[in-house]
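Undergrad: Before we start, here is the structure in question, set down as structure tokens.
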Amino acid sequence: MSSPASFPLLTSGIYGLSVLNETLEELLPNGLTVEAARAEAARTYELDRAHVFHSWSAQAEITPMTITASEGCYVWDGNGNKLLDFSSMLVNTNIGHQHPKVVAAIADQAAKLCTVAPQHANDARSEAARLIAERTPGDLNRIFFTNAGADAVEHAVRMARLHTGRYKVLSRYRSYHGGTETAINLTGDPRRWPNDHGNAGVVHFFGPFLYRSQFHATTEAEESERALKHLHDTIKMEGPSTIAAIILESIPGTAGIMVPPPGYIAGVREICDEYGIVFIADEVMAGFGRSGKWFSINHFDVVPDLLTFAKGVNSGYVPLGGVAISPAIAETFAHRAYPGGLTYSGHPLACAAAVATINTMAEEGIVENAAKIGAEVIGPGLAELAAKHRSVGEVRGAGVFWAVELVSDQQTREPLAPYGSSSAAMNSVIAECKKLGLLPFANYNRIHVVPPCTITAEQARDGLAILDRALDVADAAARQ
């Protein structure tokens, strides 16, 4: 691996990080000097702490990093320090930061038509729908646009319930489907707990996860077979005629990037067909190149009935999500009004960004790059780290979608942070990453390696070299 020597040494500071050497560039990508950027960041931080209410946070206990600029696979913090973005923000900047073609498309659309009511056709929405439908699996060729992933899930569930006349929806533990009412109840991680009153019509089940198997499995084949039997048994006990849908992240993201074993997704499709249950594939995080294919469900050669998307569809440059709909479900609403909509459904600025993103990803081979970087750099590099560091229990993933499972004991697999929480050890690892110039994505006891799909081999190696050094901190904690 190449050395991260090009990154300045950093330490914690009130607006993010403070420099220990003098390697800062004079100008940030947005044209600001470092001095001007620091002054702007100080004001930004002051106003944030006075007025902004942050999601998923105890408001008085956070010190948010100020981001002042971004470009490609890098961001600049409130002190003007450059960090390699191994988080893609919230695993959504698949095309990288400030891609000039997408920025230009937004500006061009703003000059042409900033907004339009959703009942009217507009060229940006029509073209975005065409491009998405061309890439979705099978015949999912009708697109309902939403503002984000959570409301895409909300509408997919509503469609499934109206289509089947049933109410219950099954989703797995260790999943995340969004923060709105139905979506958060579908979620299978602890963020659901304060919001779940048990009356949302949601039933949870265990999905396959061999490293922490609920089924005492020792092989992927056993894990798949036993997880499918568990799902089948759950359906029989709940009553198949009461179940509208099963929703699964094709590859669970925030919950741990647990790639399903061979046969599992196909088995879920067969179960849904057997009982007339709608199969919803949640591709909000896993879609648009993240795992090295346009959609992660393509790894399993399965076509769902509904597919939700957001994030990578335009890298979050303007909020956009949606549902791709099968002909059978679309026909349900051919002569029956669909009881749902949004003021900003198919917003022209968002759709113009999606058109530019999808076209650019195709023209520049960005999905193929994600697959290559995963297979040739990140996957082998993480395997080396797993062999070297006693704190690494497992690495897993595909494309630019990987998780490093940190443990305090490799034999017992005790996590370095408890489920649903963090720990001093994990906080130290995250701090060390930032100190060395890497912005990580962390959740519980895991570091996720999720850079933009545009990352180069050299950049990926630089990031892994920094992670290698940060894992020394985890190793020290594991030895205690």
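In the structure tokens, chains take letters A, B, ... by order of appearance, with residues numbered from 1 within each chain and ligands from 1 in the order shown.
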Fewer than 4 positions away in the same chain doesn't count, so skip those; otherwise give me all residues within 8 Å of Val377 (chain A), counting only C-alpha atoms, as number ranges by chain.

TA: A: 372-373, 381, 457, 460-461

Undergrad: I'd like the contact shell of region 80-85 of chain A - 6 Å cut-off, only C-alpha atoms, skipping same-chain residues fewer than 2 positions apart - returned as a list in words.

TA: Val34, Cys73, Tyr74, Val75, Trp76, Asp77, Gly78, Ser87, Ser88, Gly437, Leu438 and Leu439 of chain A

Undergrad: Atoms to include: N, CA and C atoms. Write the selected residues as a PDB file, in the first residue's frame.

TA:
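Listing of part_1.pdb after writing:
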ATOM      1  N   VAL A  34      -7.630  29.799   2.888  1.00  0.00           N
ATOM      2  CA  VAL A  34      -7.795  29.071   4.144  1.00  0.00           C
ATOM      3  C   VAL A  34      -8.267  30.011   5.247  1.00  0.00           C
ATOM      4  N   CYS A  73     -13.172  13.128  -4.380  1.00  0.00           N
ATOM      5  CA  CYS A  73     -13.234  12.235  -3.219  1.00  0.00           C
ATOM      6  C   CYS A  73     -12.737  12.902  -1.942  1.00  0.00           C
ATOM      7  N   TYR A  74     -12.710  14.228  -1.915  1.00  0.00           N
ATOM      8  CA  TYR A  74     -12.162  14.946  -0.766  1.00  0.00           C
ATOM      9  C   TYR A  74     -13.153  15.987  -0.246  1.00  0.00           C
ATOM     10  N   VAL A  75     -13.020  16.266   1.057  1.00  0.00           N
ATOM     11  CA  VAL A  75     -13.739  17.376   1.682  1.00  0.00           C
ATOM     12  C   VAL A  75     -12.728  18.191   2.485  1.00  0.00           C
ATOM     13  N   TRP A  76     -13.097  19.441   2.772  1.00  0.00           N
ATOM     14  CA  TRP A  76     -12.267  20.321   3.578  1.00  0.00           C
ATOM     15  C   TRP A  76     -13.046  20.731   4.814  1.00  0.00           C
ATOM     16  N   ASP A  77     -12.423  20.620   5.986  1.00  0.00           N
ATOM     17  CA  ASP A  77     -13.117  20.916   7.231  1.00  0.00           C
ATOM     18  C   ASP A  77     -13.028  22.407   7.562  1.00  0.00           C
ATOM     19  N   GLY A  78     -13.525  22.770   8.737  1.00  0.00           N
ATOM     20  CA  GLY A  78     -13.624  24.169   9.109  1.00  0.00           C
ATOM     21  C   GLY A  78     -12.313  24.871   9.324  1.00  0.00           C
ATOM     22  N   SER A  87     -16.606   8.069   3.477  1.00  0.00           N
ATOM     23  CA  SER A  87     -17.988   7.932   3.927  1.00  0.00           C
ATOM     24  C   SER A  87     -18.992   8.222   2.820  1.00  0.00           C
ATOM     25  N   SER A  88     -18.547   8.901   1.754  1.00  0.00           N
ATOM     26  CA  SER A  88     -19.476   9.428   0.746  1.00  0.00           C
ATOM     27  C   SER A  88     -20.608  10.191   1.422  1.00  0.00           C
ATOM     28  N   GLY A 437      -6.232  12.194   8.339  1.00  0.00           N
ATOM     29  CA  GLY A 437      -6.710  12.713   7.067  1.00  0.00           C
ATOM     30  C   GLY A 437      -7.744  11.866   6.369  1.00  0.00           C
ATOM     31  N   LEU A 438      -8.491  11.051   7.111  1.00  0.00           N
ATOM     32  CA  LEU A 438      -9.517  10.184   6.532  1.00  0.00           C
ATOM     33  C   LEU A 438     -10.850  10.453   7.220  1.00  0.00           C
ATOM     34  N   LEU A 439     -11.895  10.680   6.448  1.00  0.00           N
ATOM     35  CA  LEU A 439     -13.237  10.841   7.001  1.00  0.00           C
ATOM     36  C   LEU A 439     -13.957   9.504   6.873  1.00  0.00           C
TER      37      LEU A 439
END

Undergrad: Can you pull out every residue within 10 Å of Thr360 (chain A), counting only C-alpha atoms, but drop anything in the same chain fewer than 6 positions away, and send it as a ChimeraX atom specification?

TA: /A:95,99,101-102,354,366

Undergrad: Using only C-alpha atoms, which of the listed residues (A:Pro190, A:Ile265, A:Ile143, A:Val259) sits closest to Trp56 (chain A)?

TA: A:Pro190

Undergrad: Nearest to Pro240 (chain A) among A:Gly276, A:Pro348, A:Gly379, A:Gly256, with distances taken over only C-alpha atoms: which residue is it?

TA: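 Of A:Gly276, A:Pro348, A:Gly379, A:Gly256, the one nearest Pro240 (chain A), counting only C-alpha atoms, is A:Gly276.
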
Undergrad: Please identify all polymer residues within 12 Å of Asp196 (chain A), counting only C-alpha atoms, omitting same-chain residues fewer than 6 positions from it, and present them as number ranges by chain.

TA: A: 179-190, 202-203

Undergrad: Could you give me the residues within region 297-391 of chain A that DSSP places in alpha helix (DSSP H), as a count of residues only?

TA: 40

Undergrad: Using only C-alpha atoms, find each residue in region 244-336 of chain A having at least one atom no more than 10 Å away from region 117-133 of chain A; report its shortest atom-to-atom pair and that distance in Å (one decimal), rows by chain then rising number, as JSON lines.

TA:
{"residue": "A:Phe288", "atom": "CA", "partner": "A:Ile132", "partner_atom": "CA", "distance": 9.5}
{"residue": "A:Trp294", "atom": "CA", "partner": "A:Ile132", "partner_atom": "CA", "distance": 9.7}
{"residue": "A:Phe309", "atom": "CA", "partner": "A:Ile132", "partner_atom": "CA", "distance": 9.8}
{"residue": "A:Val313", "atom": "CA", "partner": "A:Ile132", "partner_atom": "CA", "distance": 8.4}
{"residue": "A:Gly322", "atom": "CA", "partner": "A:Ala129", "partner_atom": "CA", "distance": 9.6}
{"residue": "A:Ala324", "atom": "CA", "partner": "A:Ala133", "partner_atom": "CA", "distance": 7.3}
{"residue": "A:Ile325", "atom": "CA", "partner": "A:Ala133", "partner_atom": "CA", "distance": 9.3}

Undergrad: Let me make sure I understand: among A:Arg469, A:Leu464, A:Arg413, A:Val303, which one has the smallest atom-to-atom distance to Val429 (chain A) if we use only C-alpha atoms?

TA: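 Smallest distance to Val429 (chain A) is found for A:Arg469.
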
Undergrad: Let me make sure I understand: among A:Asn141, A:Thr136, A:Asn314, A:Gln214, which one has the smallest atom-to-atom distance to Ile297 (chain A) if we use only C-alpha atoms?

TA: A:Thr136

Undergrad: Between CA of Thr164 (chain A) and CA of Arg135 (chain A), measure the distance and give it in Å to one decimal.

TA: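 Taking CA of Thr164 (chain A) as the start and CA of Arg135 (chain A) as the end point, the length is 26.3 Å.
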
Undergrad: CA of Asp475 (chain A) and CA of His389 (chain A), how far apart in Å?

TA: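 Rounded to one decimal, the two atoms are 6.4 Å apart.
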
Undergrad: Find, counting only C-alpha atoms, the residue in A:Val473, A:Gly397, A:Gly463, A:Asn298 that gets nearest to Ala431 (chain A).

TA: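 Counting only C-alpha atoms, the residue closest to Ala431 (chain A) is A:Val473.
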
Undergrad: From the options A:Ala478, A:Ala470, A:Ile247, A:Leu349, which residue's atoms come nearest to Asp409 (chain A), counting only C-alpha atoms?

TA: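 Of A:Ala478, A:Ala470, A:Ile247, A:Leu349, the one nearest Asp409 (chain A), counting only C-alpha atoms, is A:Ala478.
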
Undergrad: Could you work out how far CA of Phe145 (chain A) lies from CA of Val116 (chain A), giving the answer in Å with one decimal?

TA: 13.6 Å

Undergrad: Considering only C-alpha atoms, return as a list in words whatever protein or nucleic-acid residues lie within 12 Å of Ala383 (chain A), sequence-local ones (same chain, fewer than 3 positions apart) excluded.

TA: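 In the requested format, the answer is Gly374, Ala375, Glu376, Val377, Ile378, Gly379, Pro380, Ala386, Ala387, Lys388, His389, Val392, Gly393, Glu394, Val395, Arg396, Gly397, Trp402, Ala403, Val404, Glu405, Leu464 and Asp468 of chain A.
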
Undergrad: Any idea what's packed within 10 Å of Pro100 (chain A), counting only C-alpha atoms, ignoring anything in its chain fewer than 6 positions away? Could you give it as a PyMOL selection string?

TA: chain A and resi 71-72+106+356

Undergrad: Generate the output file for the selected residues, C-alpha atoms, as a compact mmCIF listing (two decimals), in the first residue's frame.

TA:
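The resulting file, again28.txt, is reproduced below:
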# COMPACT_ATOMS: atom_id res chain seq x y z
CA GLU A 71 -14.22 18.11 -4.69
CA GLY A 72 -14.05 14.59 -6.09
CA ILE A 106 -28.48 21.86 -12.24
CA ALA A 356 -26.63 14.14 -15.68
